[in-house]
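Engineer: Just one file: structure07.cif, with mmCIF, C-alpha atoms.
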data_protein
loop_
_atom_site.label_atom_id
_atom_site.label_comp_id
_atom_site.auth_asym_id
_atom_site.auth_seq_id
_atom_site.Cartn_x
_atom_site.Cartn_y
_atom_site.Cartn_z
CA MET U 1 99.65 98.80 68.86
CA ASP U 2 96.69 101.17 68.53
CA LYS U 3 94.29 102.25 71.24
CA GLU U 4 91.28 100.43 69.82
CA ARG U 5 92.95 97.05 69.97
CA ILE U 6 94.00 97.64 73.57
CA ASP U 7 90.52 98.85 74.47
CA ARG U 8 88.94 95.83 72.81
CA ILE U 9 91.05 93.50 74.92
CA ILE U 10 90.28 95.47 78.08
CA ASP U 11 86.55 95.52 77.30
CA LYS U 12 86.62 91.78 76.75
CA HIS U 13 87.58 91.48 80.41
CA ASN U 14 84.89 93.97 81.48
CA CYS U 15 87.46 96.53 82.58
CA GLU U 16 88.01 94.53 85.79
CA PRO U 17 91.22 95.46 87.66
CA SER U 18 91.51 91.85 88.85
CA TYR U 19 91.92 90.74 85.23
CA LEU U 20 95.14 92.72 84.90
CA ILE U 21 97.37 89.72 84.25
CA GLN U 22 94.93 88.27 81.71
CA VAL U 23 94.73 91.63 79.90
CA LEU U 24 98.52 91.88 79.79
CA LEU U 25 98.78 88.29 78.55
CA ASP U 26 96.31 88.99 75.73
CA ILE U 27 98.20 92.12 74.70
CA GLN U 28 101.48 90.22 74.88
CA ALA U 29 99.99 87.49 72.65
CA GLU U 30 98.78 90.00 70.04
CA ASN U 31 101.71 92.38 70.08
CA SER U 32 104.51 90.06 71.31
CA TRP U 33 105.69 92.74 73.75
CA LEU U 34 104.35 95.41 76.11
CA PRO U 35 105.25 98.98 75.09
CA GLY U 36 105.15 101.78 77.69
CA GLU U 37 102.17 103.56 76.09
CA VAL U 38 100.16 100.34 76.20
CA LEU U 39 100.88 99.93 79.91
CA GLU U 40 99.81 103.53 80.51
CA ARG U 41 96.55 102.92 78.68
CA VAL U 42 95.91 99.74 80.71
CA ALA U 43 96.67 101.62 83.96
CA GLU U 44 94.26 104.38 82.98
CA ARG U 45 91.40 102.10 81.90
CA LEU U 46 91.67 99.52 84.70
CA GLN U 47 92.46 102.13 87.35
CA VAL U 48 95.49 100.17 88.51
CA PRO U 49 98.62 102.02 89.67
CA MET U 50 101.57 101.93 87.27
CA THR U 51 103.82 100.52 90.02
CA ARG U 52 101.61 97.44 90.21
CA ILE U 53 101.67 96.92 86.45
CA GLN U 54 105.44 97.32 86.39
CA HIS U 55 105.81 94.87 89.24
CA ILE U 56 103.72 92.25 87.43
CA ALA U 57 105.22 92.88 83.99
CA THR U 58 108.75 92.44 85.36
CA PHE U 59 107.84 89.54 87.65
CA TYR U 60 106.54 87.06 85.09
CA LYS U 61 108.81 85.81 82.37
CA ALA U 62 105.85 85.59 79.97
CA PHE U 63 105.88 89.39 79.66
CA SER U 64 108.43 91.34 77.71
CA LEU U 65 109.04 95.08 78.04
CA VAL U 66 111.35 95.12 75.03
CA PRO U 67 110.38 94.36 71.41
CA LYS U 68 110.42 90.71 70.43
CA GLY U 69 111.24 89.28 67.03
CA ARG U 70 108.71 87.70 64.68
CA HIS U 71 110.06 84.26 65.52
CA GLN U 72 110.83 83.04 69.02
CA ILE U 73 113.65 80.53 69.23
CA HIS U 74 113.81 78.46 72.41
CA VAL U 75 116.90 76.32 72.80
CA CYS U 76 116.49 73.67 75.47
CA MET U 77 119.37 73.52 77.93
CA GLY U 78 117.82 70.87 80.18
CA THR U 79 119.92 67.96 81.44
CA ALA U 80 119.05 65.51 78.67
CA CYS U 81 119.58 68.07 75.91
CA HIS U 82 122.71 69.34 77.62
CA VAL U 83 124.43 65.94 77.60
CA ARG U 84 123.48 65.51 73.94
CA GLY U 85 125.22 68.72 72.99
CA ALA U 86 122.70 71.55 73.45
CA SER U 87 125.44 74.06 74.14
CA ARG U 88 126.98 73.45 70.73
CA VAL U 89 123.54 73.84 69.12
CA LEU U 90 123.10 77.09 71.04
CA ASP U 91 126.50 78.29 69.85
CA THR U 92 125.57 77.72 66.21
CA VAL U 93 122.17 79.39 66.64
CA GLN U 94 123.94 82.36 68.22
CA GLY U 95 126.40 82.42 65.35
CA LEU U 96 123.68 82.26 62.69
CA THR U 97 121.36 84.83 64.24
CA GLY U 98 124.04 87.04 65.76
CA ILE U 99 122.21 87.36 69.07
CA GLU U 100 122.72 86.07 72.60
CA PRO U 101 119.98 84.44 74.72
CA GLY U 102 117.49 87.10 75.84
CA GLU U 103 118.20 89.33 72.86
CA THR U 104 116.37 90.23 69.65
CA ASP U 105 118.09 91.07 66.37
CA LEU U 106 117.86 94.54 64.84
CA ASP U 107 115.41 93.70 62.04
CA LEU U 108 113.10 91.97 64.60
CA LYS U 109 113.39 88.61 62.90
CA PHE U 110 114.46 86.35 65.75
CA SER U 111 114.37 86.42 69.55
CA LEU U 112 116.53 83.86 71.30
CA GLU U 113 115.85 82.34 74.73
CA THR U 114 117.21 79.34 76.56
CA VAL U 115 114.74 77.14 78.42
CA ASN U 116 115.37 74.47 80.97
CA CYS U 117 113.18 71.62 79.75
CA LEU U 118 110.57 71.33 77.04
CA GLY U 119 109.38 67.94 78.26
CA CYS U 120 110.45 65.84 75.28
CA CYS U 121 113.89 64.74 76.44
CA ALA U 122 113.94 61.71 74.11
CA LEU U 123 114.12 64.15 71.18
CA GLY U 124 117.09 66.06 72.59
CA PRO U 125 118.75 68.33 71.79
CA VAL U 126 115.50 70.23 71.19
CA VAL U 127 115.02 73.64 69.61
CA GLU U 128 111.52 75.12 69.58
CA ILE U 129 110.70 77.84 67.07
CA ASP U 130 107.30 79.57 67.31
CA GLY U 131 105.93 76.60 69.22
CA LYS U 132 107.10 74.04 66.65
CA THR U 133 109.47 71.46 68.09
CA HIS U 134 112.61 70.54 66.19
CA GLY U 135 114.09 67.41 67.75
CA LYS U 136 117.45 65.67 67.43
CA MET U 137 119.14 68.92 66.46
CA ALA U 138 122.79 69.09 65.58
CA PRO U 139 124.96 72.12 64.90
CA ALA U 140 125.05 71.18 61.21
CA LEU U 141 121.23 71.01 60.98
CA THR U 142 120.38 74.39 62.58
CA ALA U 143 121.06 76.42 59.44
CA ASP U 144 118.60 74.23 57.44
CA VAL U 145 115.91 74.83 60.04
CA LEU U 146 116.46 78.57 60.49
CA ILE U 147 116.44 79.24 56.76
CA ASN U 148 112.70 78.42 56.65
CA TYR U 149 111.87 81.50 58.74
CA ASP U 150 111.94 85.05 57.46
CA MET A 151 84.78 93.75 120.20
CA SER A 152 85.39 91.05 122.75
CA GLU A 153 88.49 90.89 124.87
CA ILE A 154 90.66 87.80 124.90
CA LEU A 155 93.24 86.70 127.40
CA LEU A 156 96.61 85.28 126.44
CA LYS A 157 100.00 84.77 128.00
CA ILE A 158 103.08 86.45 126.56
CA ASP A 159 106.44 85.70 128.22
CA GLY A 160 104.59 84.51 131.31
CA GLN A 161 102.65 87.75 131.56
CA GLU A 162 98.83 87.80 131.36
CA VAL A 163 97.81 90.08 128.50
CA THR A 164 94.30 91.14 127.51
CA ALA A 165 93.86 91.98 123.88
CA LYS A 166 91.03 92.90 121.55
CA GLN A 167 89.82 90.16 119.25
CA GLY A 168 91.49 90.35 115.87
CA ILE A 169 94.65 92.27 116.71
CA THR A 170 98.03 90.77 115.97
CA LEU A 171 100.38 89.18 118.48
CA LEU A 172 102.83 92.00 117.89
CA ASP A 173 100.28 94.67 118.83
CA ALA A 174 99.17 92.64 121.84
CA ALA A 175 102.75 92.30 123.05
CA ARG A 176 103.58 95.95 122.50
CA SER A 177 100.43 97.07 124.31
CA ALA A 178 101.68 95.09 127.31
CA GLY A 179 105.09 96.74 127.08
CA ILE A 180 106.86 93.67 125.69
CA SER A 181 109.14 94.64 122.85
CA ILE A 182 109.60 92.56 119.72
CA PRO A 183 112.11 93.71 117.11
CA THR A 184 110.67 94.61 113.70
CA LEU A 185 111.94 96.14 110.49
CA CYS A 186 108.98 96.08 108.12
CA HIS A 187 106.27 97.04 110.63
CA HIS A 188 104.69 100.50 110.61
CA GLU A 189 101.58 101.37 112.61
CA LYS A 190 99.99 103.29 109.72
CA LEU A 191 100.42 100.43 107.26
CA GLU A 192 98.82 97.05 106.78
CA PRO A 193 100.80 94.12 108.23
CA TYR A 194 103.19 92.81 105.61
CA GLY A 195 105.37 90.10 107.19
CA ALA A 196 108.44 90.69 105.05
CA CYS A 197 111.38 90.88 107.44
CA ARG A 198 110.40 87.87 109.62
CA LEU A 199 112.36 89.41 112.50
CA CYS A 200 109.28 89.53 114.73
CA ILE A 201 108.92 85.73 114.92
CA VAL A 202 107.69 84.33 118.23
CA GLU A 203 107.16 80.83 119.56
CA ILE A 204 103.61 79.75 120.36
CA GLU A 205 102.39 76.65 122.14
CA THR A 206 99.68 74.73 120.35
CA ARG A 207 98.43 71.19 120.82
CA GLY A 208 101.30 70.18 123.02
CA GLY A 209 104.03 71.36 120.64
CA THR A 210 105.59 74.69 119.83
CA ARG A 211 105.44 76.54 116.56
CA ILE A 212 107.25 79.58 115.15
CA VAL A 213 104.89 82.24 113.78
CA VAL A 214 105.35 85.76 112.48
CA SER A 215 103.82 87.95 115.18
CA CYS A 216 103.08 90.99 112.99
CA VAL A 217 100.60 88.97 110.90
CA TYR A 218 99.45 86.31 113.39
CA PRO A 219 96.16 87.15 115.11
CA ALA A 220 96.05 86.88 118.88
CA GLU A 221 94.11 83.83 120.03
CA LYS A 222 92.42 83.01 123.31
CA ASN A 223 94.63 81.33 125.95
CA LEU A 224 97.62 81.30 123.61
CA ILE A 225 101.01 80.90 125.26
CA VAL A 226 103.63 83.02 123.51
CA ARG A 227 107.36 83.33 124.04
CA THR A 228 109.10 86.28 122.41
CA ARG A 229 112.64 85.19 123.33
CA SER A 230 114.09 81.70 123.39
CA GLU A 231 117.26 80.05 122.24
CA LYS A 232 115.59 78.97 119.02
CA ILE A 233 114.12 82.40 118.25
CA ASP A 234 117.42 84.14 118.97
CA ARG A 235 119.18 81.75 116.64
CA ILE A 236 116.72 82.41 113.82
CA ARG A 237 116.80 86.17 114.36
CA LYS A 238 120.59 86.09 114.31
CA MET A 239 120.51 84.30 110.95
CA ILE A 240 117.94 86.74 109.52
CA LEU A 241 120.09 89.68 110.62
CA GLU A 242 123.24 88.17 109.14
CA LEU A 243 121.49 87.61 105.81
CA GLN A 244 120.09 91.13 105.80
CA MET A 245 123.49 92.58 106.65
CA ALA A 246 124.87 91.03 103.50
CA HIS A 247 122.61 93.52 101.72
CA ALA A 248 122.88 96.47 104.09
CA PRO A 249 126.08 96.10 106.10
CA ASP A 250 126.17 99.68 107.40
CA SER A 251 122.57 100.06 108.55
CA PHE A 252 122.49 101.46 112.09
CA ILE A 253 119.29 99.63 112.99
CA LEU A 254 120.72 96.33 111.82
CA GLN A 255 124.01 96.95 113.61
CA ASP A 256 122.23 97.64 116.91
CA LEU A 257 120.14 94.49 116.55
CA ALA A 258 123.21 92.51 115.52
CA LYS A 259 124.92 93.52 118.76
CA GLU A 260 121.92 92.30 120.75
CA TYR A 261 121.67 88.97 118.98
CA GLY A 262 125.37 88.39 118.42
CA ALA A 263 125.06 88.46 114.64
CA ASP A 264 128.25 88.63 112.60
CA ARG A 265 127.94 91.22 109.83
CA ASN A 266 130.67 89.54 107.80
CA ARG A 267 129.25 86.04 107.92
CA PHE A 268 127.94 86.11 104.34
CA GLU A 269 129.57 87.55 101.30
CA LYS A 270 128.37 91.13 100.93
CA GLU A 271 126.11 92.10 98.12
CA ALA A 272 125.32 95.61 99.21
CA SER A 273 122.07 96.55 97.50
CA PHE A 274 121.04 98.65 100.53
CA CYS A 275 117.55 97.18 100.24
CA ILE A 276 116.14 94.42 102.44
CA HIS A 277 112.75 94.44 100.66
CA CYS A 278 110.83 95.56 103.74
CA GLY A 279 108.45 97.40 101.40
CA LEU A 280 108.05 100.36 103.77
CA CYS A 281 108.62 103.02 101.09
CA VAL A 282 106.47 101.17 98.56
CA ARG A 283 103.60 100.56 100.98
CA TYR A 284 103.76 104.05 102.52
CA CYS A 285 103.50 105.62 99.09
CA ALA A 286 100.56 103.38 98.14
CA GLU A 287 98.62 103.23 101.40
CA VAL A 288 99.24 106.56 103.15
CA LYS A 289 100.12 108.98 100.35
CA LYS A 290 98.11 107.09 97.69
CA LYS A 291 100.53 108.25 94.99
CA ASN A 292 102.09 104.94 93.94
CA ALA A 293 105.25 106.69 92.86
CA VAL A 294 107.53 103.88 93.96
CA GLY A 295 107.10 100.14 93.48
CA PHE A 296 108.98 96.90 93.25
CA ILE A 297 110.26 95.56 89.98
CA ASP A 298 111.63 92.15 89.02
CA ARG A 299 111.79 89.24 91.45
CA GLY A 300 114.02 87.05 93.55
CA ILE A 301 117.61 88.21 93.82
CA ARG A 302 117.00 90.96 91.25
CA LYS A 303 114.00 92.51 93.04
CA GLU A 304 114.46 96.23 93.67
CA ILE A 305 112.52 99.44 94.19
CA SER A 306 111.81 101.67 91.23
CA PHE A 307 110.17 105.09 90.91
CA ILE A 308 107.74 105.91 88.10
CA PRO A 309 109.44 108.99 86.59
CA GLU A 310 106.18 110.66 85.50
CA ILE A 311 104.68 110.52 89.00
CA ALA A 312 107.95 111.03 90.85
CA SER A 313 108.82 114.27 89.07
CA LYS A 314 105.50 115.77 90.18
CA GLU A 315 105.11 114.38 93.70
CA CYS A 316 108.35 113.23 95.25
CA TRP A 317 110.36 116.42 95.87
CA LYS A 318 107.67 117.91 98.06
CA CYS A 319 107.01 114.67 99.95
CA LYS A 320 110.16 112.61 100.59
CA GLU A 321 108.37 110.99 103.54
CA CYS A 322 109.52 107.54 102.51
CA PHE A 323 113.23 108.39 102.91
CA PRO A 324 113.39 108.31 106.73
CA LEU A 325 111.29 105.12 106.86
CA CYS A 326 114.07 103.05 105.34
CA PRO A 327 115.65 100.70 107.89
CA THR A 328 118.89 100.39 105.96
CA GLU A 329 119.89 103.76 104.62
CA ALA A 330 117.68 106.79 104.19
CA LEU A 331 119.61 107.77 101.10
CA GLN A 332 118.78 104.61 99.20
CA ALA A 333 115.34 105.82 98.12
CA ALA A 334 116.86 109.21 97.31
CA TYR A 335 119.40 107.54 95.06
CA VAL A 336 116.83 105.46 93.18
CA LEU A 337 114.56 108.51 92.87
CA VAL A 338 117.29 110.69 91.38
CA GLU A 339 118.23 107.85 89.05
CA ALA A 340 114.60 107.55 87.87
CA LEU A 341 114.33 111.30 87.23
CA ALA A 342 117.68 111.62 85.53
CA PHE A 343 117.35 108.53 83.35
CA PRO A 344 113.60 107.97 82.91
CA GLN A 345 114.09 105.54 80.03
CA ALA A 346 116.55 103.29 81.81
CA SER A 347 114.38 102.79 84.88
CA THR A 348 111.41 101.23 83.10
#
In C-alpha cells, what does this structure look like?

Structural biologist:
Amino acid sequence: MDKERIDRIIDKHNCEPSYLIQVLLDIQAENSWLPGEVLERVAERLQVPMTRIQHIATFYKAFSLVPKGRHQIHVCMGTACHVRGASRVLDTVQGLTGIEPGETDLDLKFSLETVNCLGCCALGPVVEIDGKTHGKMAPALTADVLINYD
Amino acid sequence: MSEILLKIDGQEVTAKQGITLLDAARSAGISIPTLCHHEKLEPYGACRLCIVEIETRGGTRIVVSCVYPAEKNLIVRTRSEKIDRIRKMILELQMAHAPDSFILQDLAKEYGADRNRFEKEASFCIHCGLCVRYCAEVKKKNAVGFIDRGIRKEISFIPEIASKECWKCKECFPLCPTEALQAAYVLVEALAFPQAST
C-alpha cells in the first residue's frame, strides 16, 4: 500500500488522533491487512504512539497484522450450524483450501475463519464467502462453491 | 480547594476535594494494599486490591479506592470480613499468574490466600500496567505497551524504540509487582527477535 493512499485516508479524517480506529478500519478495508510500514506512517501522521496502535490493532478482531487472502471464507460454527454438520463442512473446506482456521494460503487466494453465528440459523450450515451467504451447505457442495473464486 | 470531612475506619479524616479515597486514607496513616498504584501515575484501577466498603443510602457498597473520589461525610471501612474475602480471592487469582512474587506472597500471608488454589498459568504478569503507564506518562517514550486482549493480553516492547531508549533507562523493571525480570525478559525478546514480537 503506497503512502498517498494512506495519507488520503488520514486526511479524510482530518488527521485527528481520536479517529485512529476509523483510519485503521479504512486501511484494513482497502488493503485487507495492516502492514508494519502502514502502522508507522499512521503513528507519524496522527502523532499516536506505536504502542497504542499495536494495542488497538491486536485488540479488535477486525484488524489483521498478517496478509489476508483475496477471498475471506467464514464457516459458521454456531449451535444451529454445528448440529447440522458444520464441522464436516469445515473439514472439507480445510481439505480443499489446505489451510486451518485463522490461516491464509500461500498464493493469497483464501483466508479461512470460523465464526460463531451469522444470524441466519435456518439456513445452516452456513458458509460466508466475501460477504455472500451460502446456506444449507454440505461437504459435497463446498467444492462447487469454492470453484467460483479465483 | 475546599476541605471535606469523612470517616475512614472510625477515624475522622480531612481531605482536599477531588482526591481519591486511597490518598485520603494514606494521608491519615491508614494503609490499603495496592499493586497497580504509583504516586507519579494516573489512577488506573487494574488490580482491584484496594477495594473498600462505603456506606451510602443506608446500604454498603464496594468501591475501588484508588479511583473513587472522596466525598463529604462518607463512611469508609478498609477492612471487613467481606473485603478480606474478596482480597483473598483476588490474590489467589493473581498468584495463578505470578506464584513466586514476594509482594503477593506477603499479602497472601496476611489475607490467608492459598497460592495453589487455582491451576498455575505462570505468565508473570498481572496486567497492573505499571511498566506501560510509567513509560508513557513519566518517561514519555512509549517503548512498552499491551498487545492482544483477555487471557492472551501481554506486554510488548516496540523494538525500534526499545533498542534506543531502554538500556539506559530500565526504570520500569523494579516497578513490577511480580518479578522485576519479567520486563527484562520481554525486552530482550523484542530486541533479539524484532519480527516475532509485532

Engineer: Quick one: which chain U residues come within 9 Å of chain A, and what is the nearest atom pair for each with the distance in Å to one decimal, counting only C-alpha atoms, rows ordered by chain and ascending number, as a tab-separated table?

Structural biologist:
residue	atom	partner	partner_atom	distance
U:Gly36	CA	A:Thr348	CA	8.3
U:Pro49	CA	A:Asn292	CA	6.2
U:Met50	CA	A:Asn292	CA	7.3
U:Thr51	CA	A:Gly295	CA	4.8
U:Arg52	CA	A:Gly295	CA	6.9
U:Gln54	CA	A:Ile297	CA	6.3
U:His55	CA	A:Ile297	CA	4.6
U:Ile56	CA	A:Ile297	CA	7.8
U:Ala57	CA	A:Asp298	CA	8.2
U:Thr58	CA	A:Asp298	CA	4.7
U:Phe59	CA	A:Asp298	CA	4.8
U:Tyr60	CA	A:Asp298	CA	8.2
U:Leu65	CA	A:Thr348	CA	8.3

Engineer: Since I can't run it myself right now, could you work out what the PyMOL selection byres ((chain U and resi 94) around 12) selects here and report it as a CSV table (one decimal) with C-alpha atoms, in the coordinates of the input?

Structural biologist:
chain,number,residue,atom,x,y,z
U,73,ILE,CA,113.6,80.5,69.2
U,74,HIS,CA,113.8,78.5,72.4
U,75,VAL,CA,116.9,76.3,72.8
U,87,SER,CA,125.4,74.1,74.1
U,88,ARG,CA,127.0,73.4,70.7
U,89,VAL,CA,123.5,73.8,69.1
U,90,LEU,CA,123.1,77.1,71.0
U,91,ASP,CA,126.5,78.3,69.8
U,92,THR,CA,125.6,77.7,66.2
U,93,VAL,CA,122.2,79.4,66.6
U,95,GLY,CA,126.4,82.4,65.4
U,96,LEU,CA,123.7,82.3,62.7
U,97,THR,CA,121.4,84.8,64.2
U,98,GLY,CA,124.0,87.0,65.8
U,99,ILE,CA,122.2,87.4,69.1
U,100,GLU,CA,122.7,86.1,72.6
U,101,PRO,CA,120.0,84.4,74.7
U,102,GLY,CA,117.5,87.1,75.8
U,103,GLU,CA,118.2,89.3,72.9
U,104,THR,CA,116.4,90.2,69.6
U,105,ASP,CA,118.1,91.1,66.4
U,110,PHE,CA,114.5,86.4,65.8
U,111,SER,CA,114.4,86.4,69.6
U,112,LEU,CA,116.5,83.9,71.3
U,113,GLU,CA,115.8,82.3,74.7
U,114,THR,CA,117.2,79.3,76.6
U,139,PRO,CA,125.0,72.1,64.9
U,142,THR,CA,120.4,74.4,62.6
U,143,ALA,CA,121.1,76.4,59.4
U,146,LEU,CA,116.5,78.6,60.5

Engineer: Ranking A:Arg198, A:His188, A:Arg267, A:Arg235 by minimum distance to A:Leu325 and counting only C-alpha atoms, which one comes first?

Structural biologist: A:His188

Engineer: Carefully work through the PyMOL selection byres ((chain A and resi 168) around 7) for this structure and note down the residues it includes, as a list in words.

Structural biologist: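 This file gives the following for the PyMOL selection byres ((chain A and resi 168) around 7): Lys166, Gln167, Ile169, Thr170, Pro219 and Ala220 of chain A.
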
Engineer: What do you get, as a list in words, if you spell out every residue that the PyMOL selection byres ((chain U and resi 23-26) around 9) selects here?

Structural biologist: Ile6, Ile9, Ile10, Lys12, His13, Tyr19, Leu20, Ile21, Gln22, Ile27, Gln28, Ala29, Glu30, Asn31, Leu34, Leu39, Val42, Ile53, Ala57, Ala62 and Phe63 of chain U
